[in-house]
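Student: Sending over work.cif (mmCIF, C-alpha atoms).
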data_run
#
loop_
_atom_site.label_atom_id
_atom_site.label_comp_id
_atom_site.auth_asym_id
_atom_site.auth_seq_id
_atom_site.Cartn_x
_atom_site.Cartn_y
_atom_site.Cartn_z
CA MET A 1 -204.17 -124.38 -45.15
CA THR A 2 -206.58 -124.18 -42.29
CA LYS A 3 -209.60 -121.94 -42.25
CA LYS A 4 -208.00 -119.84 -39.52
CA ARG A 5 -204.87 -119.17 -41.62
CA ARG A 6 -206.94 -118.36 -44.69
CA ALA A 7 -208.94 -115.89 -42.66
CA ILE A 8 -205.75 -114.26 -41.31
CA LEU A 9 -204.29 -114.03 -44.85
CA PHE A 10 -207.52 -112.49 -46.17
CA LEU A 11 -207.63 -109.94 -43.40
CA SER A 12 -203.95 -109.06 -43.99
CA CYS A 13 -204.53 -108.53 -47.72
CA LEU A 14 -207.62 -106.46 -46.99
CA PHE A 15 -205.65 -104.34 -44.54
CA LEU A 16 -202.88 -103.79 -47.06
CA PHE A 17 -205.41 -102.89 -49.77
CA LEU A 18 -207.17 -100.42 -47.50
CA LEU A 19 -203.79 -98.99 -46.58
CA ILE A 20 -202.39 -98.72 -50.12
CA ALA A 21 -205.51 -97.89 -52.16
CA PRO A 22 -205.94 -94.33 -50.84
CA SER A 23 -202.26 -93.64 -51.52
CA VAL A 24 -202.63 -94.89 -55.11
CA ILE A 25 -205.75 -92.79 -55.65
CA PHE A 26 -204.07 -89.88 -53.89
CA TYR A 27 -201.05 -90.14 -56.22
CA SER A 28 -203.10 -90.66 -59.38
CA GLN A 29 -205.06 -87.49 -58.67
CA GLY A 30 -201.82 -85.51 -58.63
CA TYR A 31 -201.47 -85.11 -54.88
CA ARG A 32 -197.97 -85.03 -53.45
CA VAL A 33 -196.31 -84.34 -50.14
CA ASP A 34 -194.31 -81.12 -50.36
CA PHE A 35 -191.54 -81.28 -47.78
CA ASN A 36 -190.32 -77.75 -48.57
CA PRO A 37 -193.31 -75.45 -49.09
CA PRO A 38 -192.59 -71.67 -49.01
CA ALA A 39 -194.32 -71.35 -45.63
CA GLY A 40 -192.20 -74.17 -44.18
CA GLY A 41 -193.21 -77.49 -42.65
CA ILE A 42 -194.87 -80.25 -44.67
CA LYS A 43 -197.88 -79.78 -46.90
CA ILE A 44 -200.07 -81.96 -49.11
CA VAL A 45 -200.51 -80.25 -52.47
CA GLN A 46 -201.81 -80.95 -55.95
CA THR A 47 -199.21 -80.80 -58.69
CA GLY A 48 -199.14 -78.67 -61.83
CA GLY A 49 -197.31 -78.93 -65.11
CA ILE A 50 -195.59 -77.06 -67.90
CA PHE A 51 -196.16 -77.09 -71.66
CA LEU A 52 -193.39 -75.99 -74.05
CA LYS A 53 -193.26 -75.53 -77.81
CA VAL A 54 -189.75 -75.19 -79.22
CA GLU A 55 -188.09 -74.58 -82.59
CA PRO A 56 -186.02 -76.41 -83.70
CA LYS A 57 -187.67 -79.67 -82.68
CA GLN A 58 -186.10 -82.52 -80.70
CA ALA A 59 -184.58 -80.16 -78.11
CA THR A 60 -183.73 -81.45 -74.63
CA VAL A 61 -185.65 -80.00 -71.68
CA PHE A 62 -184.25 -79.73 -68.15
CA VAL A 63 -186.34 -78.97 -65.07
CA ASP A 64 -184.33 -77.88 -62.01
CA GLU A 65 -181.15 -79.18 -63.70
CA LYS A 66 -182.68 -82.64 -64.25
CA SER A 67 -183.14 -83.85 -67.82
CA LYS A 68 -186.72 -84.85 -68.54
CA LYS A 69 -187.01 -85.69 -72.23
CA LYS A 70 -186.90 -84.19 -75.72
CA THR A 71 -189.61 -82.24 -77.47
CA ASP A 72 -191.43 -84.33 -80.06
CA PHE A 73 -190.20 -84.48 -83.66
CA LEU A 74 -193.54 -83.49 -85.22
CA PHE A 75 -194.58 -80.32 -83.37
CA GLY A 76 -191.63 -79.57 -81.08
CA THR A 77 -193.87 -79.75 -78.00
CA ILE A 78 -193.55 -81.32 -74.56
CA LEU A 79 -195.89 -81.57 -71.53
CA ILE A 80 -194.21 -82.19 -68.19
CA LYS A 81 -196.62 -83.22 -65.43
CA ASN A 82 -196.56 -83.69 -61.66
CA LEU A 83 -194.43 -80.67 -60.77
CA LEU A 84 -194.71 -79.33 -57.23
CA PRO A 85 -196.15 -75.80 -56.96
CA GLY A 86 -193.51 -73.08 -56.85
CA TRP A 87 -190.75 -71.73 -59.04
CA HIS A 88 -188.87 -74.12 -61.31
CA LYS A 89 -185.81 -73.49 -63.46
CA ILE A 90 -186.54 -74.55 -67.05
CA ARG A 91 -183.73 -74.92 -69.57
CA VAL A 92 -183.95 -75.98 -73.22
CA GLU A 93 -180.85 -77.08 -75.13
CA LYS A 94 -179.87 -78.32 -78.56
CA ASP A 95 -176.40 -78.70 -80.09
CA GLY A 96 -175.43 -75.73 -82.27
CA PHE A 97 -177.92 -73.33 -80.62
CA HIS A 98 -177.92 -70.91 -77.71
CA PRO A 99 -179.81 -72.40 -74.73
CA TRP A 100 -183.09 -70.95 -73.50
CA GLU A 101 -183.54 -70.60 -69.74
CA LYS A 102 -186.24 -69.14 -67.50
CA ASN A 103 -187.67 -69.52 -64.00
CA LEU A 104 -191.41 -70.16 -64.27
CA GLU A 105 -193.99 -70.47 -61.54
CA ILE A 106 -196.02 -73.69 -61.40
CA LYS A 107 -199.39 -73.44 -59.66
CA GLU A 108 -201.61 -76.21 -58.29
CA LYS A 109 -203.81 -77.85 -60.92
CA GLU A 110 -202.54 -75.45 -63.60
CA VAL A 111 -200.22 -75.76 -66.58
CA ALA A 112 -197.68 -73.01 -67.19
CA GLU A 113 -196.91 -72.34 -70.86
CA ALA A 114 -194.00 -71.16 -72.97
CA LYS A 115 -195.25 -71.85 -76.49
CA ASN A 116 -193.02 -69.54 -78.53
CA ILE A 117 -189.48 -70.65 -77.75
CA ILE A 118 -186.99 -70.14 -80.58
CA LEU A 119 -183.43 -71.38 -80.12
CA ILE A 120 -180.95 -69.02 -81.78
CA PRO A 121 -178.17 -70.61 -83.89
CA GLN A 122 -174.58 -70.25 -82.72
CA ASN A 123 -171.99 -69.04 -85.24
CA PRO A 124 -174.23 -69.00 -88.35
CA ASN A 125 -172.48 -69.08 -91.71
CA PHE A 126 -172.24 -65.89 -93.79
CA THR A 127 -171.37 -65.56 -97.48
CA VAL A 128 -170.04 -62.38 -99.12
CA LEU A 129 -172.31 -61.55 -102.08
CA THR A 130 -170.46 -58.49 -103.35
CA GLN A 131 -167.86 -55.89 -102.31
CA GLY A 132 -167.23 -52.17 -102.60
CA ILE A 133 -170.72 -51.26 -101.41
CA ASN A 134 -171.56 -47.87 -99.90
CA ASN A 135 -175.19 -48.50 -99.04
CA PHE A 136 -178.15 -50.74 -99.93
CA TRP A 137 -181.96 -50.70 -99.92
CA PHE A 138 -184.41 -53.61 -100.14
CA SER A 139 -187.60 -53.48 -102.20
CA LEU A 140 -190.89 -53.74 -100.35
CA ASP A 141 -191.40 -57.36 -101.42
CA GLY A 142 -187.83 -58.29 -100.44
CA LYS A 143 -187.00 -59.63 -103.91
CA LYS A 144 -184.68 -56.86 -105.10
CA ILE A 145 -181.77 -54.90 -103.63
CA ILE A 146 -180.52 -51.53 -104.83
CA PHE A 147 -176.74 -51.12 -104.28
CA LEU A 148 -174.83 -47.86 -104.08
CA ARG A 149 -171.25 -48.61 -105.09
CA ALA A 150 -168.23 -46.31 -105.20
CA ARG A 151 -166.07 -46.45 -108.32
CA GLU A 152 -163.07 -44.11 -108.76
CA GLN A 153 -164.52 -41.20 -106.76
CA GLU A 154 -167.92 -41.61 -108.44
CA TRP A 155 -170.91 -43.60 -107.28
CA GLU A 156 -173.12 -45.95 -109.29
CA LEU A 157 -176.49 -47.60 -108.60
CA PHE A 158 -177.09 -51.28 -109.33
CA SER A 159 -180.12 -53.51 -108.80
CA TYR A 160 -179.70 -57.10 -107.64
CA GLU A 161 -182.30 -59.82 -108.21
CA ILE A 162 -182.12 -62.08 -105.15
CA ASP A 163 -183.75 -65.16 -106.71
CA LYS A 164 -181.62 -65.00 -109.87
CA GLY A 165 -178.43 -63.64 -108.32
CA VAL A 166 -178.22 -61.15 -111.22
CA GLU A 167 -176.86 -57.60 -110.93
CA ASN A 168 -178.03 -54.85 -113.33
CA TYR A 169 -176.56 -51.37 -113.79
CA LEU A 170 -179.00 -48.46 -113.25
CA ILE A 171 -177.35 -45.01 -113.21
CA LYS A 172 -174.18 -43.24 -112.12
CA GLU A 173 -173.43 -39.90 -110.49
CA LYS A 174 -172.87 -37.93 -113.68
CA ASP A 175 -176.36 -38.90 -114.94
CA ILE A 176 -177.73 -36.63 -112.19
CA GLY A 177 -174.89 -34.12 -111.88
CA GLU A 178 -171.32 -34.19 -110.66
CA GLY A 179 -170.94 -33.42 -106.98
CA VAL A 180 -174.39 -34.85 -106.18
CA GLU A 181 -174.76 -37.68 -103.66
CA ILE A 182 -177.68 -39.90 -102.67
CA ASP A 183 -178.84 -39.23 -99.13
CA ASP A 184 -181.63 -41.83 -99.11
CA LEU A 185 -183.72 -44.00 -101.42
CA LYS A 186 -187.30 -45.26 -101.22
CA PHE A 187 -189.36 -47.64 -103.36
CA SER A 188 -192.79 -46.68 -104.67
CA SER A 189 -195.73 -48.79 -103.52
CA ASP A 190 -195.88 -50.59 -106.89
CA GLN A 191 -192.07 -51.07 -106.75
CA LYS A 192 -191.69 -49.85 -110.34
CA GLU A 193 -189.99 -46.63 -109.29
CA ILE A 194 -187.45 -45.50 -106.75
CA ILE A 195 -187.33 -42.01 -105.26
CA LEU A 196 -183.77 -40.72 -104.82
CA GLU A 197 -183.21 -38.12 -102.12
CA THR A 198 -180.09 -36.28 -103.31
CA LYS A 199 -177.94 -33.42 -102.06
CA ILE A 200 -174.74 -31.57 -102.99
CA LYS A 201 -171.51 -32.95 -101.54
CA PRO A 202 -170.12 -30.52 -98.97
CA ALA A 203 -167.42 -28.21 -100.35
CA SER A 204 -167.62 -29.95 -103.74
CA ALA A 205 -165.81 -28.12 -106.52
CA LYS A 206 -167.84 -30.10 -109.04
CA ALA A 207 -171.25 -29.16 -107.67
CA THR A 208 -173.71 -28.19 -110.38
CA ALA A 209 -174.13 -24.42 -110.43
CA GLY A 210 -177.51 -23.15 -109.35
CA ARG A 211 -178.77 -26.57 -108.20
CA ASP A 212 -180.79 -26.84 -104.99
CA ASP A 213 -178.88 -28.39 -102.10
CA PHE A 214 -181.62 -31.00 -101.68
CA LYS A 215 -183.62 -32.57 -104.47
CA LYS A 216 -185.84 -35.60 -105.04
CA ILE A 217 -185.52 -37.53 -108.31
CA ILE A 218 -187.68 -40.40 -109.57
CA LEU A 219 -186.09 -43.35 -111.37
CA ASP A 220 -188.40 -45.69 -113.29
CA ILE A 221 -186.66 -49.06 -112.90
CA SER A 222 -189.40 -50.99 -114.70
CA ARG A 223 -187.96 -49.83 -118.04
CA VAL A 224 -184.70 -50.72 -119.76
CA PRO A 225 -182.77 -48.50 -119.59
CA PRO A 226 -184.30 -46.82 -116.50
CA ILE A 227 -185.88 -43.39 -117.00
CA LEU A 228 -184.78 -40.54 -114.75
CA THR A 229 -187.16 -37.62 -114.04
CA ASN A 230 -187.17 -34.73 -111.58
CA ALA A 231 -189.91 -34.78 -108.97
CA THR A 232 -192.24 -31.81 -109.55
CA THR A 233 -194.40 -32.38 -106.47
CA SER A 234 -193.45 -31.66 -102.88
CA PRO A 235 -191.66 -34.29 -100.77
CA ALA A 236 -194.84 -34.91 -98.77
CA GLN A 237 -196.86 -35.44 -101.97
CA ILE A 238 -194.24 -37.85 -103.30
CA LEU A 239 -194.50 -39.92 -100.15
CA GLU A 240 -198.29 -39.87 -100.25
CA GLN A 241 -198.61 -40.70 -103.96
CA ASN A 242 -195.73 -43.11 -104.48
CA LEU A 243 -195.09 -44.63 -101.07
CA GLY A 244 -198.49 -44.62 -99.40
CA GLY A 245 -196.66 -42.45 -96.87
CA GLN A 246 -197.49 -40.16 -94.00
CA ALA A 247 -198.66 -36.63 -93.47
CA GLU A 248 -196.08 -33.89 -92.99
CA ASP A 249 -196.72 -33.73 -89.23
CA PHE A 250 -195.59 -37.32 -88.71
CA LEU A 251 -192.15 -38.88 -89.04
CA VAL A 252 -193.41 -42.48 -89.09
CA SER A 253 -196.86 -43.81 -89.95
CA GLN A 254 -198.21 -47.37 -90.02
CA LYS A 255 -201.66 -48.62 -91.01
CA ILE A 256 -202.62 -51.76 -89.08
CA ASN A 257 -206.04 -53.37 -89.49
CA GLY A 258 -207.54 -50.00 -90.45
CA GLU A 259 -205.94 -48.20 -87.49
CA SER A 260 -203.24 -45.54 -87.89
CA TYR A 261 -200.19 -45.60 -85.59
CA GLU A 262 -197.89 -42.61 -85.95
CA LEU A 263 -194.90 -40.89 -84.43
CA ASP A 264 -195.05 -37.10 -84.61
CA ASN A 265 -192.01 -34.87 -85.07
CA SER A 266 -191.22 -35.08 -81.36
CA GLY A 267 -191.45 -38.89 -81.35
CA LYS A 268 -194.77 -39.11 -79.46
CA LEU A 269 -196.94 -42.13 -80.34
CA PHE A 270 -200.47 -41.56 -81.66
CA LYS A 271 -203.32 -43.90 -82.60
CA ASN A 272 -205.93 -42.43 -84.98
CA GLY A 273 -204.86 -38.96 -83.86
CA GLY A 274 -205.08 -39.71 -80.12
CA LYS A 275 -201.87 -39.72 -78.09
CA LEU A 276 -200.93 -43.12 -76.65
CA SER A 277 -197.67 -42.26 -74.89
CA GLU A 278 -195.84 -39.29 -73.43
CA MET A 279 -192.50 -40.94 -74.16
CA SER A 280 -190.59 -40.20 -77.35
CA PHE A 281 -189.46 -42.90 -79.78
CA LYS A 282 -187.31 -42.74 -82.88
CA THR A 283 -189.17 -45.41 -84.86
CA ILE A 284 -191.81 -48.13 -84.65
CA LYS A 285 -191.76 -51.64 -86.12
CA ILE A 286 -194.85 -53.79 -86.70
CA SER A 287 -194.71 -57.54 -86.01
CA PRO A 288 -195.32 -60.04 -88.85
CA ASN A 289 -198.69 -61.03 -87.31
CA PHE A 290 -199.75 -57.35 -87.05
CA GLN A 291 -200.48 -57.72 -83.33
CA LYS A 292 -197.54 -55.87 -81.76
CA LEU A 293 -195.42 -52.77 -82.23
CA ALA A 294 -191.78 -52.50 -81.20
CA LEU A 295 -191.15 -48.94 -79.99
CA ILE A 296 -187.51 -47.96 -80.33
CA GLN A 297 -185.63 -45.30 -78.38
CA ASP A 298 -181.89 -44.63 -78.55
CA TYR A 299 -181.12 -47.02 -75.68
CA GLU A 300 -184.41 -48.81 -74.90
CA ILE A 301 -186.97 -51.06 -76.57
CA TRP A 302 -190.63 -51.00 -75.54
CA LEU A 303 -193.61 -53.00 -76.83
CA LEU A 304 -197.20 -52.06 -77.57
CA PHE A 305 -199.73 -54.89 -77.86
CA ILE A 306 -202.27 -53.94 -80.51
CA GLU A 307 -204.39 -57.06 -79.95
CA PRO A 308 -204.99 -58.87 -76.64
CA GLN A 309 -202.72 -61.87 -76.13
CA SER A 310 -204.42 -64.92 -74.61
CA SER A 311 -201.34 -67.15 -74.42
CA GLN A 312 -199.00 -66.80 -71.45
CA PRO A 313 -197.96 -64.16 -70.54
CA GLN A 314 -201.37 -62.64 -71.21
CA ARG A 315 -201.57 -59.04 -72.45
CA LYS A 316 -204.35 -56.51 -72.90
CA ALA A 317 -205.02 -54.49 -76.04
CA ASN A 318 -202.97 -51.24 -76.05
CA GLU A 319 -200.84 -52.49 -73.16
CA GLN A 320 -197.36 -50.98 -73.29
CA ILE A 321 -194.39 -52.67 -71.59
CA TYR A 322 -190.68 -51.98 -71.17
CA LEU A 323 -188.53 -54.71 -72.72
CA THR A 324 -184.80 -53.97 -72.40
CA ARG A 325 -182.08 -51.30 -72.25
CA PHE A 326 -178.45 -51.07 -73.41
CA SER A 327 -175.53 -48.78 -72.60
CA LYS A 328 -174.83 -48.24 -76.33
CA LYS A 329 -177.24 -46.83 -78.89
CA ILE A 330 -179.60 -49.29 -80.53
CA GLY A 331 -179.24 -49.34 -84.31
CA GLU A 332 -181.64 -51.01 -86.70
CA VAL A 333 -184.39 -53.26 -85.32
CA PHE A 334 -186.34 -56.00 -87.12
CA TRP A 335 -188.88 -58.57 -86.05
CA TYR A 336 -187.16 -61.98 -86.18
CA ASN A 337 -190.62 -63.53 -85.96
CA SER A 338 -193.70 -62.34 -84.09
CA ASP A 339 -192.17 -63.21 -80.69
CA TYR A 340 -188.50 -62.24 -81.15
CA LEU A 341 -186.60 -59.11 -82.22
CA LEU A 342 -183.28 -58.84 -84.09
CA PHE A 343 -181.20 -55.66 -83.74
CA ASN A 344 -177.67 -54.27 -83.62
CA VAL A 345 -175.94 -52.51 -80.75
CA GLY A 346 -172.44 -51.16 -81.34
CA GLY A 347 -171.46 -53.74 -83.95
CA GLU A 348 -173.10 -56.62 -82.07
CA ILE A 349 -176.16 -58.25 -83.62
CA LYS A 350 -178.50 -59.66 -81.00
CA ILE A 351 -181.80 -61.52 -80.90
CA THR A 352 -184.17 -61.24 -77.94
CA GLU A 353 -187.45 -62.86 -76.99
CA ILE A 354 -190.31 -60.58 -75.91
CA ASP A 355 -191.52 -62.89 -73.09
CA ASN A 356 -190.35 -60.82 -70.13
CA ARG A 357 -191.31 -63.29 -67.42
CA ASP A 358 -188.18 -63.69 -65.27
CA ARG A 359 -185.06 -62.94 -67.37
CA LEU A 360 -185.01 -62.13 -71.07
CA ASN A 361 -183.18 -64.62 -73.24
CA ILE A 362 -180.92 -62.41 -75.40
CA ALA A 363 -178.48 -64.20 -77.71
CA ASP A 364 -175.46 -62.71 -79.47
CA LEU A 365 -175.76 -63.78 -83.08
CA ILE A 366 -172.55 -62.22 -84.42
CA SER A 367 -170.26 -59.30 -83.58
CA PHE A 368 -167.92 -57.13 -85.64
CA THR A 369 -164.62 -55.36 -85.02
CA PRO A 370 -164.60 -51.53 -85.08
CA LEU A 371 -165.40 -50.25 -88.54
CA GLU A 372 -162.64 -48.92 -90.76
CA SER A 373 -162.84 -46.96 -94.01
CA PRO A 374 -162.12 -49.41 -96.85
CA PRO A 375 -159.52 -48.11 -99.34
CA PHE A 376 -161.88 -48.15 -102.33
CA LEU A 377 -164.04 -45.51 -100.64
CA THR A 378 -161.22 -43.00 -100.14
CA GLY A 379 -162.52 -39.54 -100.95
CA PHE A 380 -166.10 -40.24 -99.89
CA LYS A 381 -167.56 -38.76 -96.75
CA GLU A 382 -166.57 -40.65 -93.62
CA SER A 383 -170.12 -41.47 -92.51
CA GLU A 384 -170.75 -43.28 -95.79
CA ALA A 385 -167.38 -45.03 -95.83
CA GLU A 386 -167.98 -46.35 -92.33
CA LYS A 387 -171.60 -47.38 -92.91
CA PHE A 388 -172.65 -50.48 -90.97
CA LYS A 389 -176.11 -51.66 -91.88
CA ILE A 390 -178.25 -54.75 -91.49
CA PHE A 391 -181.49 -56.04 -92.97
CA PHE A 392 -183.47 -59.13 -91.96
CA ASP A 393 -185.58 -60.55 -94.78
CA GLN A 394 -188.81 -62.10 -93.52
CA ASN A 395 -189.29 -63.86 -96.87
CA ASN A 396 -186.17 -66.01 -96.86
CA LYS A 397 -185.33 -65.73 -93.13
CA LYS A 398 -181.82 -64.50 -93.90
CA LEU A 399 -179.79 -61.65 -92.45
CA TYR A 400 -177.94 -59.24 -94.75
CA ILE A 401 -175.00 -57.21 -93.42
CA LEU A 402 -172.99 -54.34 -94.89
CA ASN A 403 -169.67 -53.91 -93.08
CA LYS A 404 -166.41 -52.40 -94.36
CA GLY A 405 -167.87 -52.38 -97.87
CA ASN A 406 -168.60 -56.12 -97.82
CA PHE A 407 -172.22 -57.12 -98.37
CA SER A 408 -172.89 -60.53 -96.79
CA VAL A 409 -175.85 -62.85 -96.34
CA SER A 410 -176.41 -65.47 -93.65
CA GLU A 411 -177.67 -68.99 -93.98
CA LYS A 412 -181.37 -69.42 -93.29
CA LEU A 413 -181.85 -68.55 -89.59
CA LEU A 414 -185.39 -69.84 -89.05
CA PRO A 415 -187.18 -73.03 -90.16
#
Show me this structure written as structure tokens.
Tutor:
Amino acid sequence: MTKKRRAILFLSCLFLFLLIAPSVIFYSQGYRVDFNPPAGGIKIVQTGGIFLKVEPKQATVFVDEKSKKKTDFLFGTILIKNLLPGWHKIRVEKDGFHPWEKNLEIKEKEVAEAKNIILIPQNPNFTVLTQGINNFWFSLDGKKIIFLRAREQEWELFSYEIDKGVENYLIKEKDIGEGVEIDDLKFSSDQKEIILETKIKPASAKATAGRDDFKKIILDISRVPPILTNATTSPAQILEQNLGGQAEDFLVSQKINGESYELDNSGKLFKNGGKLSEMSFKTIKISPNFQKLALIQDYEIWLLFIEPQSSQPQRKANEQIYLTRFSKKIGEVFWYNSDYLLFNVGGEIKITEIDNRDRLNIADLISFTPLESPPFLTGFKESEAEKFKIFFDQNNKKLYILNKGNFSVSEKLLP
């Protein structure tokens, strides 16, 4: 090859290098050409990314309907880079689970986050533990259940040890007085006693003569057989002494990190005696991490952030937000974990995230047909015969359901 040709080849390579090198550097620094920016035209931008953390692990992630890859098998995380600024549709899927989907905004040189994604199981398995149940109550530690069961026009109380699967008889109606029914039941703080809130059955011919219509009775379940005593103190004193309960002026009271959160008789929310909200709520539920309160109305759920939240979406301390509304009354509400709520609405049990960016992901876990009075409860008041009740146990991550007298438990719903 002549010197002239070598010189031409060198100059050509140099030209190509000078032409390509800036593009390579440009690309490696995250710059892209956006042919469809919101303002129109063509624009050179720097890309952003998105970081996801998902349970269960090894879920498939789609961005704008295009499959990227699966979350890792150790932590359930994924980082997707080089996304053009703007809104992107993110979907997470795994067989046997409801998908998660949300439109998230990606900004230049920033990483959007969704670090608390929980995929809800589809059609979880339920097992019937026992039948002929009127009502049930869980102990404070979640290890014991008290059952109210109807037997031949008379009720009986049983305790059930969850770990052992053992049922033990406690008392029956005639031990208190014929014509007396249990209106509610509460465990003492040491869980050695239960406080029975009793009343006379309406129009009962067997009602004990001269007995008060409403009465509180203490049952010591730490002894065999249990010892039954009448409460001599006032209802408010019983709550204060045995339950660590609230003052008479408040319907609900919660102590969180030394702070008192209370609902007064009108449902107004107070913190350490100072009013936080003019809205009325029927109950409050504290999250497992003690950083949030779910505020429940008949048809709406709101949230109060006790502690500031640094992860996206960021929240300030004492910030209150609207979460969701339904056309039917909301029943019982539980925290599924610290970022999801489980509740029932008209026989449908749902689970919702609390990340209200874009749309809420609300999954239907299970639904029930209209309730009917089971035959073994004939003669009992209709509201008790038709009782539909749920309880989510944070200890074993299982859901318990009472429907048509059948008491059922789900498989484990969370890892």
Student: Mind dumping a table of every stretch 47-139 of chain A residue within 12 Å of stretch 291-313 of chain A, with the nearest atom pair and its distance in Å to one decimal, using only C-alpha atoms, sorted by chain and rising number, as a tab-separated table?
Tutor:
residue	atom	partner	partner_atom	distance
A:Ile50	CA	A:Gln312	CA	11.4
A:Phe51	CA	A:Gln312	CA	10.7
A:Leu52	CA	A:Gln312	CA	11.1
A:Leu104	CA	A:Pro313	CA	10.9
A:Glu105	CA	A:Pro313	CA	11.7
A:Val111	CA	A:Gln312	CA	10.3
A:Ala112	CA	A:Gln312	CA	7.6
A:Glu113	CA	A:Gln312	CA	6.0
A:Ala114	CA	A:Gln312	CA	6.8
A:Lys115	CA	A:Ser311	CA	8.0
A:Asn116	CA	A:Ser311	CA	9.6
Student: May I ask which of the residues A:Ala59, A:Ile221, A:Leu83, A:Ile133 is the closest one to A:Ile401, counting all atoms listed in the file?
Tutor: A:Ile133
Student: Written as a PyMOL selection string, which residues does the PyMOL selection byres ((chain A and resi 368) around 12) give for the file shown?
Tutor: chain A and resi 344-350+364-367+369-372+388-389+401-404
Student: Step by step, work through what the PyMOL selection byres ((chain A and resi 180) around 6) selects in the shown file, and finish by giving those residues as an mmCIF file with C-alpha atoms, keeping the file's coordinate frame.
Tutor:
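Generated file (selection_9.cif):
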data_model
loop_
_atom_site.group_PDB
_atom_site.id
_atom_site.type_symbol
_atom_site.label_atom_id
_atom_site.label_comp_id
_atom_site.auth_asym_id
_atom_site.auth_seq_id
_atom_site.Cartn_x
_atom_site.Cartn_y
_atom_site.Cartn_z
ATOM 1 C CA GLY A 177 -174.890 -34.120 -111.880
ATOM 2 C CA GLU A 178 -171.320 -34.190 -110.660
ATOM 3 C CA GLY A 179 -170.940 -33.420 -106.980
ATOM 4 C CA GLU A 181 -174.760 -37.680 -103.660
ATOM 5 C CA LYS A 199 -177.940 -33.420 -102.060
ATOM 6 C CA ILE A 200 -174.740 -31.570 -102.990
ATOM 7 C CA LYS A 201 -171.510 -32.950 -101.540
#
Student: Provide the atom CA of A:Lys81 to atom CA of A:Lys102 distance in Å, to one decimal place.
Tutor: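 Separation of atom CA of A:Lys81 and atom CA of A:Lys102: 17.6 Å.
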Student: What residues come out when you apply the PyMOL selection byres ((chain A and resi 48) around 7) to this file, written as a list in words?
Tutor: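 Selected by the PyMOL selection byres ((chain A and resi 48) around 7) in this file: Gln46, Thr47, Gly49, Lys81, Asn82, Leu83, Leu84, Pro85, Ile106, Lys107, Glu108, Lys109, Glu110 and Val111 of chain A.
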Student: Restricting the calculation to all atoms listed in the file, which member of A:Gln131, A:Thr71, A:Ser222, A:Ser159 is positioned closest to A:Ser188?
Tutor: A:Ser222
Student: What does the structure give for the distance between atom CA of A:Ile351 and atom CA of A:Ser410, in Å to one decimal?
Tutor: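 Between atom CA of A:Ile351 and atom CA of A:Ser410 the gap works out to 14.4 Å.
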Student: Mind giving me the straight-line distance from atom CA of A:Ser408 to atom CA of A:Thr130 in Å, one decimal?
Tutor: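 Taking atom CA of A:Ser408 and atom CA of A:Thr130, their separation equals 7.3 Å.
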Student: Using only C-alpha atoms, determine which residues lie at most 12 Å from stretch 163-165 of chain A, disregarding the query and same-chain residues fewer than 5 positions distant; provide the list as a ChimeraX atom specification.
Tutor: /A:129-130,142-145,395-396
Student: Skip A:Asn135 itself and residues of its chain fewer than 2 positions away, then list as JSON, numbers by chain all residues within 10 Å of it, counting all atoms listed in the file.
Tutor: {"A": [132, 133, 137, 146, 147, 148, 149, 150, 157, 182, 183, 184, 185, 384, 385, 387, 388, 389, 402, 403, 405, 407]}
